[in-house]
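start.csv follows; it contains CSV, C-alpha atoms.
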chain,number,residue,atom,x,y,z
A,11,MET,CA,163.4,81.3,133.4
A,12,LYS,CA,161.5,78.6,131.6
A,13,LEU,CA,159.6,79.8,128.6
A,14,LYS,CA,156.3,78.3,127.9
A,15,SER,CA,154.9,78.1,124.4
A,16,ARG,CA,151.5,79.6,123.8
A,17,LYS,CA,149.1,79.7,121.0
A,18,ALA,CA,148.6,83.0,119.3
A,19,LYS,CA,146.8,84.3,116.3
A,20,ILE,CA,148.8,86.7,114.2
A,21,SER,CA,146.9,89.1,111.9
A,22,THR,CA,148.4,90.0,108.6
A,23,LYS,CA,147.7,92.8,106.2
A,24,HIS,CA,147.5,90.6,103.2
A,25,PRO,CA,146.6,86.8,102.9
A,26,ARG,CA,149.9,86.2,101.1
A,27,GLU,CA,151.8,87.2,104.2
A,28,ALA,CA,150.2,84.3,106.2
A,29,CYS,CA,151.7,81.6,103.8
A,30,PRO,CA,155.2,80.5,104.6
A,31,ALA,CA,157.7,81.6,101.9
A,32,LYS,CA,159.1,78.8,99.9
A,33,ILE,CA,162.8,78.4,100.6
A,34,VAL,CA,164.4,77.4,97.3
A,35,SER,CA,168.0,77.4,98.3
A,36,ASP,CA,170.4,78.1,101.2
A,37,ALA,CA,174.0,79.0,101.8
A,38,ALA,CA,176.2,80.7,104.4
A,39,ILE,CA,178.2,83.9,104.0
A,40,ALA,CA,181.1,85.0,106.2
A,41,THR,CA,182.5,88.5,105.5
A,42,VAL,CA,185.1,90.5,107.4
A,43,ASN,CA,182.8,93.5,107.9
A,44,VAL,CA,179.6,91.8,109.0
A,45,GLY,CA,179.0,90.2,112.3
A,46,GLU,CA,182.7,89.9,113.3
A,47,GLY,CA,183.2,87.4,110.4
A,48,ARG,CA,180.6,84.9,111.7
A,49,MET,CA,179.2,82.5,109.2
A,50,ILE,CA,175.7,83.9,108.5
A,51,PRO,CA,173.1,81.7,106.8
A,52,LEU,CA,171.4,82.8,103.7
A,53,VAL,CA,168.1,81.7,102.3
A,54,ILE,CA,166.8,82.3,98.9
A,55,ILE,CA,163.1,82.5,98.8
A,56,ASP,CA,160.7,82.2,96.0
A,57,THR,CA,159.2,85.7,95.7
A,58,SER,CA,157.1,85.2,92.6
A,59,ASP,CA,154.0,85.8,94.7
A,60,ARG,CA,155.7,88.2,97.2
A,61,PRO,CA,156.3,91.4,95.3
A,62,ASP,CA,156.3,93.2,98.7
A,63,ILE,CA,159.5,91.4,99.8
A,64,GLU,CA,161.1,92.0,96.4
A,65,GLU,CA,160.3,95.7,96.8
A,66,LEU,CA,161.6,95.8,100.4
A,67,VAL,CA,164.9,94.4,99.4
A,68,ARG,CA,165.2,96.8,96.4
A,69,VAL,CA,164.3,99.8,98.5
A,70,GLN,CA,166.5,98.9,101.5
A,71,GLU,CA,169.5,99.2,99.3
A,72,HIS,CA,169.0,103.0,99.1
A,73,LEU,CA,168.1,103.6,102.8
A,74,PRO,CA,169.7,103.3,106.2
A,75,SER,CA,169.1,100.1,108.1
A,76,GLY,CA,165.5,99.5,109.1
A,77,ASP,CA,163.6,98.0,112.0
A,78,VAL,CA,162.5,94.4,112.2
A,79,SER,CA,161.1,92.2,115.0
A,80,VAL,CA,161.4,88.4,115.0
A,81,GLN,CA,159.7,85.6,116.7
A,82,TRP,CA,160.3,81.9,116.7
A,83,GLY,CA,157.3,79.6,116.6
A,84,SER,CA,155.5,76.7,115.1
A,85,LEU,CA,152.6,76.9,112.7
A,86,GLU,CA,149.4,75.0,113.3
A,87,ASP,CA,149.5,71.5,111.8
A,88,SER,CA,153.2,71.5,111.0
A,89,PRO,CA,154.8,69.8,114.0
A,90,LYS,CA,157.9,68.9,112.0
A,91,PHE,CA,158.8,72.5,111.3
A,92,VAL,CA,159.9,75.6,113.2
A,93,ALA,CA,158.9,79.0,111.9
A,94,LEU,CA,160.8,82.2,112.0
A,95,LEU,CA,158.2,85.0,111.9
A,96,ILE,CA,159.7,88.2,110.6
A,97,LYS,CA,157.9,91.5,111.0
A,98,PHE,CA,159.4,94.3,109.0
A,99,ILE,CA,158.5,97.6,110.6
A,100,ARG,CA,160.4,100.2,108.6
A,101,PRO,CA,161.3,101.4,106.0
A,102,VAL,CA,158.8,99.0,104.5
A,103,GLY,CA,156.2,97.2,106.5
A,104,ALA,CA,155.8,93.5,105.7
A,105,PHE,CA,155.4,90.1,107.3
A,106,LEU,CA,157.3,87.0,106.3
A,107,VAL,CA,157.1,83.5,107.6
A,108,LEU,CA,160.1,81.2,107.0
A,109,ASN,CA,159.2,77.6,107.8
A,110,PHE,CA,162.1,75.2,108.4
A,111,ASP,CA,161.9,71.5,108.3
A,112,ILE,CA,163.6,70.5,111.6
A,113,VAL,CA,165.4,67.5,110.2
A,114,LYS,CA,166.3,68.7,106.7
A,115,GLN,CA,166.9,72.4,107.4
A,116,GLY,CA,167.7,72.3,111.1
A,117,VAL,CA,171.2,73.2,110.3
A,118,ILE,CA,170.0,76.6,109.0
A,119,VAL,CA,168.0,77.3,112.2
A,120,ASP,CA,171.0,76.2,114.3
A,121,GLN,CA,173.3,78.6,112.4
A,122,ILE,CA,170.8,81.5,112.6
A,123,LEU,CA,170.7,81.0,116.4
A,124,LEU,CA,174.5,80.9,116.5
A,125,SER,CA,175.2,83.9,114.2
A,126,LYS,CA,172.1,85.8,115.4
A,127,ALA,CA,171.4,86.9,111.8
A,128,ILE,CA,170.1,85.7,108.5
A,129,TYR,CA,170.5,86.9,104.9
A,130,LEU,CA,167.3,87.0,102.9
A,131,GLN,CA,167.5,87.0,99.1
A,132,PRO,CA,164.6,87.1,96.8
A,133,GLY,CA,164.6,84.7,93.9
A,134,GLN,CA,162.7,82.0,92.1
A,135,GLU,CA,162.6,78.2,91.8
A,136,GLY,CA,166.0,76.9,90.7
A,137,ASP,CA,168.1,79.9,92.0
A,138,ARG,CA,171.3,79.0,93.7
A,139,PHE,CA,173.6,81.4,95.6
A,140,ALA,CA,176.5,80.5,93.4
A,141,ASN,CA,174.8,81.8,90.3
A,142,THR,CA,172.9,84.7,91.9
A,143,MET,CA,175.7,86.3,94.0
A,144,ASP,CA,175.0,89.8,92.5
A,145,VAL,CA,171.3,89.8,93.5
A,146,LYS,CA,170.5,92.2,96.3
A,147,LYS,CA,169.9,90.7,99.7
A,148,ILE,CA,169.2,92.0,103.2
A,149,LEU,CA,170.7,91.1,106.5
A,150,ILE,CA,168.2,90.6,109.3
A,151,GLU,CA,169.3,90.5,112.9
A,152,VAL,CA,167.8,87.7,114.9
A,153,PRO,CA,168.5,88.4,118.5
A,154,GLU,CA,168.3,85.7,121.2
A,155,THR,CA,164.7,85.5,122.3
A,156,GLY,CA,165.1,82.6,124.7
A,157,PHE,CA,164.4,80.0,122.0
A,158,SER,CA,167.9,78.4,122.0
A,159,ASN,CA,167.2,76.0,124.9
A,160,THR,CA,163.9,75.0,123.5
A,161,TRP,CA,165.5,74.5,120.1
A,162,ASP,CA,168.2,72.2,121.5
A,163,LYS,CA,165.5,69.9,122.9
A,164,ILE,CA,163.3,70.0,119.7
A,165,LEU,CA,166.3,69.4,117.4
A,166,PHE,CA,167.6,66.5,119.5
A,167,LYS,CA,164.2,64.9,119.7
A,168,HIS,CA,163.5,65.1,116.0
A,169,LEU,CA,167.0,64.0,114.9
A,170,VAL,CA,166.8,61.0,117.2
A,171,LYS,CA,163.4,60.1,115.8
A,172,ASP,CA,164.7,60.4,112.3
A,173,PHE,CA,167.7,58.2,113.0
A,174,ARG,CA,165.5,55.6,114.6
A,175,GLU,CA,163.2,55.6,111.6
A,176,LYS,CA,166.3,54.9,109.5
A,177,GLY,CA,166.9,51.8,111.6
A,178,LEU,CA,169.3,52.8,114.3
A,179,PRO,CA,168.7,51.5,117.8
A,180,LYS,CA,167.8,54.1,120.5
A,181,TYR,CA,171.2,54.4,122.1
A,182,GLN,CA,173.0,54.7,118.7
A,183,ALA,CA,170.4,57.2,117.5
A,184,LYS,CA,171.1,59.4,120.5
A,185,GLU,CA,174.9,59.2,120.0
A,186,ALA,CA,174.6,59.9,116.3
A,187,THR,CA,172.4,62.9,117.0
A,188,LYS,CA,174.9,64.3,119.5
A,189,GLY,CA,177.7,63.8,116.9
A,190,VAL,CA,175.7,65.5,114.1
A,191,ILE,CA,174.9,68.5,116.3
A,192,GLU,CA,178.5,68.8,117.5
A,193,GLU,CA,179.8,68.7,113.9
A,194,TRP,CA,177.2,71.3,112.8
A,195,ARG,CA,178.2,73.6,115.6
A,196,LYS,CA,182.0,73.1,115.1
A,197,PHE,CA,181.5,74.1,111.5
A,198,GLY,CA,179.1,76.9,112.3
A,199,LYS,CA,181.7,78.5,114.6
A,200,LEU,CA,184.3,78.7,111.9
A,201,ARG,CA,185.4,82.2,111.1
A,202,PRO,CA,187.3,82.0,107.8
A,203,TRP,CA,188.5,85.6,108.1
A,204,GLU,CA,189.7,85.4,111.7
A,205,ASN,CA,193.4,85.6,110.9
A,206,GLN,CA,192.9,88.5,108.7
A,207,THR,CA,190.9,90.8,111.0
B,1,MET,CA,96.2,111.2,169.9
B,2,SER,CA,95.7,109.3,166.7
B,3,ASP,CA,96.7,112.4,164.7
B,4,GLN,CA,100.0,112.6,166.7
B,5,SER,CA,100.7,108.9,166.2
B,6,ASN,CA,100.0,109.3,162.4
B,7,LEU,CA,102.5,112.2,162.3
B,8,LEU,CA,105.0,110.1,164.2
B,9,ASN,CA,104.6,107.4,161.6
B,10,TRP,CA,105.5,109.8,158.8
B,11,VAL,CA,108.7,111.1,160.4
B,12,PRO,CA,110.9,108.1,159.5
B,13,ALA,CA,109.6,108.2,156.0
B,14,ILE,CA,110.4,112.0,155.6
B,15,ALA,CA,113.8,111.4,157.2
B,16,ALA,CA,114.4,108.6,154.7
B,17,TRP,CA,113.4,110.9,151.8
B,18,ILE,CA,115.7,113.6,153.0
B,19,GLY,CA,118.5,111.1,153.3
B,20,ALA,CA,117.8,109.8,149.8
B,21,PHE,CA,117.9,113.4,148.5
B,22,PHE,CA,121.3,114.1,150.1
B,23,ALA,CA,122.6,110.7,148.8
B,24,TYR,CA,121.4,111.8,145.3
B,25,LEU,CA,123.2,115.1,145.6
B,26,ASN,CA,126.4,113.4,146.8
B,27,ALA,CA,126.2,110.9,143.9
B,28,ARG,CA,125.8,113.8,141.4
B,29,ARG,CA,128.7,115.7,143.0
B,30,SER,CA,130.9,112.5,142.9
B,31,ASN,CA,130.0,111.9,139.3
B,32,ARG,CA,130.9,115.4,138.4
B,33,ALA,CA,134.2,115.1,140.2
B,34,LEU,CA,134.9,111.8,138.5
B,35,ARG,CA,134.1,113.4,135.1
B,36,LEU,CA,136.4,116.2,135.8
B,37,THR,CA,139.2,113.8,136.8
B,38,GLU,CA,138.6,111.8,133.7
B,39,GLN,CA,138.7,114.9,131.6
B,40,GLN,CA,141.9,116.0,133.2
B,41,GLU,CA,143.4,112.6,132.6
B,42,GLU,CA,142.3,112.8,129.0
B,43,ARG,CA,144.0,116.2,128.6
B,44,ARG,CA,147.2,114.7,129.9
B,45,LYS,CA,147.3,112.1,127.2
B,46,PRO,CA,149.8,112.9,124.4
B,47,ASN,CA,148.1,114.7,121.6
B,48,LEU,CA,150.1,116.3,118.9
B,49,VAL,CA,148.4,118.0,115.9
B,50,LEU,CA,150.3,118.6,112.7
B,51,TYR,CA,149.7,121.3,110.2
B,52,LEU,CA,151.5,121.2,106.9
B,53,GLN,CA,152.3,124.7,105.6
B,54,GLY,CA,154.1,123.5,102.4
B,55,GLY,CA,156.0,120.8,100.7
B,56,TYR,CA,158.8,121.2,98.3
B,57,LEU,CA,160.9,118.8,96.2
B,58,CYS,CA,164.3,119.5,94.7
B,59,LYS,CA,165.8,117.0,92.3
B,60,THR,CA,169.5,116.7,91.8
B,61,ASP,CA,171.4,114.3,89.5
B,62,GLU,CA,171.6,111.7,92.2
B,63,GLU,CA,168.9,112.3,94.7
B,64,ARG,CA,165.5,113.8,95.6
B,65,VAL,CA,165.4,116.1,98.5
B,66,TYR,CA,162.1,116.9,100.2
B,67,MET,CA,161.5,119.8,102.5
B,68,PHE,CA,158.3,120.3,104.4
B,69,LEU,CA,157.4,123.2,106.5
B,70,LEU,CA,155.5,121.8,109.4
B,71,SER,CA,153.9,123.1,112.6
B,72,VAL,CA,153.4,120.7,115.5
B,73,SER,CA,151.0,121.7,118.3
B,74,ASN,CA,150.9,120.0,121.6
B,75,LEU,CA,147.2,120.1,122.8
B,76,SER,CA,147.8,118.1,125.9
B,77,ASP,CA,148.6,119.3,129.4
B,78,THR,CA,151.8,117.3,129.4
B,79,ASP,CA,155.1,118.3,127.8
B,80,ASN,CA,156.0,116.2,124.8
B,81,ALA,CA,158.9,115.9,122.3
B,82,VAL,CA,159.3,114.8,118.7
B,83,ALA,CA,161.2,111.5,118.7
B,84,ARG,CA,161.1,110.7,115.0
B,85,ASN,CA,160.0,112.2,111.7
B,86,ASP,CA,159.3,109.9,108.8
B,87,LEU,CA,158.2,110.6,105.3
B,88,ARG,CA,155.9,107.8,104.2
B,89,ILE,CA,155.8,107.6,100.4
B,90,GLU,CA,153.0,105.6,98.8
B,91,TYR,CA,153.8,104.6,95.3
B,92,ARG,CA,153.3,102.1,92.5
B,93,THR,CA,156.2,100.2,91.0
B,94,ALA,CA,156.7,99.6,87.3
B,95,PHE,CA,154.9,96.2,87.8
B,96,ASN,CA,151.9,98.1,89.3
B,97,PHE,CA,152.5,96.9,92.8
B,98,SER,CA,151.4,99.3,95.4
B,99,ALA,CA,154.1,99.9,98.0
B,100,THR,CA,154.9,102.1,101.0
B,101,VAL,CA,158.2,103.2,102.3
B,102,ASP,CA,159.2,105.2,105.4
B,103,ILE,CA,162.1,107.6,104.9
B,104,PRO,CA,163.7,109.0,108.1
B,105,SER,CA,164.4,112.7,108.3
B,106,VAL,CA,167.9,114.1,107.8
B,107,SER,CA,169.5,117.1,109.3
B,108,GLN,CA,172.7,117.3,107.4
B,109,GLY,CA,173.5,118.5,103.9
B,110,ILE,CA,170.2,120.2,103.4
B,111,ASP,CA,171.5,123.6,102.3
B,112,ILE,CA,170.1,122.8,98.9
B,113,PHE,CA,167.0,124.8,99.7
B,114,GLY,CA,168.7,127.8,101.3
B,115,GLY,CA,166.6,130.3,103.2
B,116,GLU,CA,166.7,131.0,106.9
B,117,SER,CA,163.1,131.8,107.6
B,118,HIS,CA,162.5,128.8,109.8
B,119,SER,CA,164.8,126.5,111.7
B,120,THR,CA,164.9,122.8,111.2
B,121,LEU,CA,162.5,120.7,113.2
B,122,GLU,CA,165.0,118.4,114.7
B,123,THR,CA,164.1,115.1,116.3
B,124,GLY,CA,164.2,115.4,120.0
B,125,VAL,CA,162.8,119.0,120.0
B,126,LYS,CA,160.7,119.6,123.1
B,127,ILE,CA,157.1,120.9,122.8
B,128,GLU,CA,155.8,122.2,126.0
B,129,ALA,CA,152.1,121.8,126.9
B,130,HIS,CA,149.8,123.9,124.7
B,131,GLN,CA,152.7,125.2,122.7
B,132,THR,CA,153.5,125.0,119.0
B,133,VAL,CA,156.8,124.6,117.2
B,134,VAL,CA,157.3,125.3,113.5
B,135,GLY,CA,160.2,124.1,111.4
B,136,LYS,CA,161.5,122.6,108.3
B,137,VAL,CA,161.8,118.8,108.0
B,138,PHE,CA,164.1,117.4,105.3
B,139,PHE,CA,164.1,114.0,103.7
B,140,ARG,CA,166.5,112.8,101.1
B,141,LEU,CA,166.5,109.6,99.0
B,142,ASN,CA,168.4,108.2,96.2
B,143,LYS,CA,166.8,109.0,92.8
B,144,ALA,CA,167.1,105.4,91.7
B,145,MET,CA,164.8,104.3,94.5
B,146,LEU,CA,161.7,105.8,92.8
B,147,GLN,CA,162.9,105.2,89.3
B,148,ASP,CA,160.0,104.1,87.1
B,149,CYS,CA,157.7,104.4,90.1
B,150,ALA,CA,154.6,106.6,90.3
B,151,VAL,CA,154.2,108.4,93.6
B,152,ASP,CA,150.6,108.4,94.9
B,153,SER,CA,151.0,110.4,98.1
B,154,TYR,CA,153.3,111.6,100.8
B,155,ILE,CA,152.5,111.3,104.5
B,156,ILE,CA,154.6,112.9,107.2
B,157,VAL,CA,154.5,110.7,110.3
B,158,VAL,CA,155.7,112.3,113.6
B,159,THR,CA,156.4,109.9,116.4
B,160,ASP,CA,156.3,111.5,119.8
B,161,THR,CA,158.3,110.6,122.9
B,162,HIS,CA,155.4,108.2,124.0
B,163,GLY,CA,155.6,106.3,120.8
B,164,LYS,CA,152.3,107.8,119.5
B,165,ARG,CA,152.2,108.5,115.8
B,166,THR,CA,150.5,111.5,114.2
B,167,SER,CA,150.4,112.0,110.5
B,168,VAL,CA,149.5,114.5,107.9
B,169,ALA,CA,149.1,113.6,104.3
B,170,THR,CA,149.7,115.6,101.1
B,171,SER,CA,149.8,114.7,97.5
B,172,LEU,CA,150.9,118.1,96.3
B,173,VAL,CA,154.6,118.7,96.6
B,174,GLN,CA,155.9,121.6,94.6
B,175,GLU,CA,159.1,121.0,92.6
B,176,VAL,CA,161.5,123.8,93.0
B,177,PHE,CA,164.5,124.8,91.0
B,178,ASP,CA,165.8,127.7,93.1
B,179,GLU,CA,165.2,128.8,96.6
B,180,THR,CA,163.3,132.0,95.7
B,181,GLU,CA,160.4,129.9,94.6
B,182,ILE,CA,159.9,128.7,98.2
B,183,GLU,CA,159.8,132.3,99.5
B,184,LYS,CA,157.1,133.1,96.8
B,185,GLY,CA,155.6,129.8,97.9

Can you present the structure in this file as structure tokens?
Amino acid sequence: MKLKSRKAKISTKHPREACPAKIVSDAAIATVNVGEGRMIPLVIIDTSDRPDIEELVRVQEHLPSGDVSVQWGSLEDSPKFVALLIKFIRPVGAFLVLNFDIVKQGVIVDQILLSKAIYLQPGQEGDRFANTMDVKKILIEVPETGFSNTWDKILFKHLVKDFREKGLPKYQAKEATKGVIEEWRKFGKLRPWENQT
Amino acid sequence: MSDQSNLLNWVPAIAAWIGAFFAYLNARRSNRALRLTEQQEERRKPNLVLYLQGGYLCKTDEERVYMFLLSVSNLSDTDNAVARNDLRIEYRTAFNFSATVDIPSVSQGIDIFGGESHSTLETGVKIEAHQTVVGKVFFRLNKAMLQDCAVDSYIIVVTDTHGKRTSVATSLVQEVFDETEIEKG
């Protein structure tokens, strides 16, 4: 079935929820016990103006897993980005928008779609995973919503365009894009713990 | 002769009026039937009403255990069931941020309160049409979760089998130190 994109207005409880969270850093985590050892991407977001997300992560530590619904989309006036809209239902209700630059952060989106999950860690400007490993984070399941096929086309189109802007001829830009995506996915499918499980 | 023709002229008019009168009666009867059907349909819609008979809190070294004595009445003509019980806690953090958290009910390890006067209101319990069930609902949470937080209110949210949520709020939860206090209640 071919999915069609449609325009929708999403109402939020607080104006701060409508602004995309600032991604300050990213990484990937592969552990034996989570997601069959898949490499799950992690994003550290600046929560200096999102106390609700900080509280959600803090509270979640003490409670059983909650419910969340996710939706891929694109925000108005940001054609070079794809957005992951996350609606936390329980234990704490909140809404979060992660806006990914297709060219610069496409690898994160690709890995989210591959691992079907994402770690979210509250933080502030300058935080890196290497020096904030002990900070609490939550794991969000991102099930297949039918976006993968659309994403493949979007990613290919934007990477080709980027390569062409950097001076590559059309054919070479396409070949380079194929190569980049192939490498990303080869790396993304690695399971460092495979031999130990 | 003219009198007779005049009378004959009136007959269709009278017949039309009689017809209109019967049409009016039928319309009224149909409206009443429609209203009754709509009322019946309304009565079939899920409609749970909660009544909170008491709320208790017991603190241990590691956790806070809440017990609420709750009655759930099914006012609808259709059987229903409790699919989920949550305790919604509205609180303020140490940074004065107003937050809300939903804690799911638990059914194990709740002997802390003792007493056998009411059974536990388990999730999945069936409530037949126009019946009421009464039971205890337990919630437990790690003490550290509300450390340095000020609780504003507690809301018990019952989700029925149709996904409809009904809630009852309380800000008065009695802290108990032994089970006899609950009986005195």

Polymer residues at most 7 Å from stretch 75-79 of chain A, all atoms listed in the file, same-chain spacing of 5 or more positions, as a VMD selection string:
chain A and resid 96 to 101

Please dump the current selection as a PDB file, in the coordinates of the input; keep C-alpha atoms.
ATOM      1  CA  ILE A  96     159.700  88.200 110.600  1.00  0.00           C
ATOM      2  CA  LYS A  97     157.900  91.500 111.000  1.00  0.00           C
ATOM      3  CA  PHE A  98     159.400  94.300 109.000  1.00  0.00           C
ATOM      4  CA  ILE A  99     158.500  97.600 110.600  1.00  0.00           C
ATOM      5  CA  ARG A 100     160.400 100.200 108.600  1.00  0.00           C
ATOM      6  CA  PRO A 101     161.300 101.400 106.000  1.00  0.00           C
TER       7      PRO A 101
END

Residues of chain B that approach chain A to 7 Å or less, counting only C-alpha atoms: could you list each one with the shortest pair of atoms and its distance in Å to one decimal, rows by chain and increasing residue number, as JSON lines?
{"residue": "B:Thr100", "atom": "CA", "partner": "A:Val102", "partner_atom": "CA", "distance": 6.1}
{"residue": "B:Val101", "atom": "CA", "partner": "A:Val102", "partner_atom": "CA", "distance": 4.8}
{"residue": "B:Asp102", "atom": "CA", "partner": "A:Pro101", "partner_atom": "CA", "distance": 4.4}
{"residue": "B:Ile103", "atom": "CA", "partner": "A:Pro101", "partner_atom": "CA", "distance": 6.3}
{"residue": "B:Asn142", "atom": "CA", "partner": "A:His72", "partner_atom": "CA", "distance": 6.0}
{"residue": "B:Met145", "atom": "CA", "partner": "A:Val69", "partner_atom": "CA", "distance": 6.0}

Quiz item: Got a sec: who's within 9 Å of A:Ala31, counting all atoms listed in the file, leaving out chain neighbours fewer than 3 positions off, as a list in words?
Solution: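 Here the answer would be Glu27, Ile55, Asp56, Thr57, Arg60, Leu106, Val107, Leu108 and Asn109 of chain A.
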
Requested in this report: Do a neighbour search on A:Ala186 at 9 Å with only C-alpha atoms, toss out local chain neighbours closer than 5 positions, and write the hits as a list in words.
Outcome: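 The neighbour list is Leu169, Val170, Phe173, Tyr181 and Ile191 of chain A.
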
**Q.** Distance of atom CA of A:Gly136 from atom CA of A:Asp172, expressed in Å to one decimal place
**A.**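 These two atoms are separated by 27.2 Å.
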
Nearest to A:Lys19, restricted to all atoms listed in the file and choosing among A:Asp59, A:Lys32, A:Ser84, A:Glu46, comes out as A:Ser84

Could you jot down the atom CA of B:Val137 to atom CA of B:Asn85 separation for me, Å, one decimal place?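 The value is 7.8 Å.
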
(request) Record the distance separating atom CA of B:Ser119 and atom CA of B:Gly135, expressed in Å with one decimal. (result)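 Between atom CA of B:Ser119 and atom CA of B:Gly135 the gap works out to 5.2 Å.
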
Please, which residues are within 8 Å of (154.8, 111.1, 112.2) by the file's coordinates, counting all atoms listed in the file, and could they come as a compact mmCIF listing (two decimals) with C-alpha atoms, keeping the file's coordinate frame?
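Produced file point_16.txt, reproduced below:
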# COMPACT_ATOMS: atom_id res chain seq x y z
CA ARG B 84 161.10 110.70 115.00
CA ASN B 85 160.00 112.20 111.70
CA ASP B 86 159.30 109.90 108.80
CA LEU B 87 158.20 110.60 105.30
CA ILE B 156 154.60 112.90 107.20
CA VAL B 157 154.50 110.70 110.30
CA VAL B 158 155.70 112.30 113.60
CA THR B 159 156.40 109.90 116.40
CA ASP B 160 156.30 111.50 119.80
CA ARG B 165 152.20 108.50 115.80
CA THR B 166 150.50 111.50 114.20
CA SER B 167 150.40 112.00 110.50
CA VAL B 168 149.50 114.50 107.90

| message | Need the shell around stretch 93-95 of chain B: protein/DNA/RNA residues with any atom at most 6 Å away, counting all atoms listed in the file. Skip same-chain ones fewer than 2 positions apart. Format as an NGL selection string? | response | :B and (97 or 148-149)

Who sits within 6 Å of stretch 139-141 of chain B, all atoms listed in the file, same chain under 4 positions skipped, as a list in words
Glu63, Arg64, Val65, Tyr66, Ser105 and Val106 of chain B

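Of the listed residues (B:Tyr91, B:Val49, B:Thr132, B:Leu34), B:Tyr91 comes nearest to B:Gln147; the distances count all atoms listed in the file.
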
Radius query 7 Å about (152.7, 90.5, 111.7), atoms used: all atoms listed in the file, as an NGL selection string: :A and (20-22 or 97 or 105)
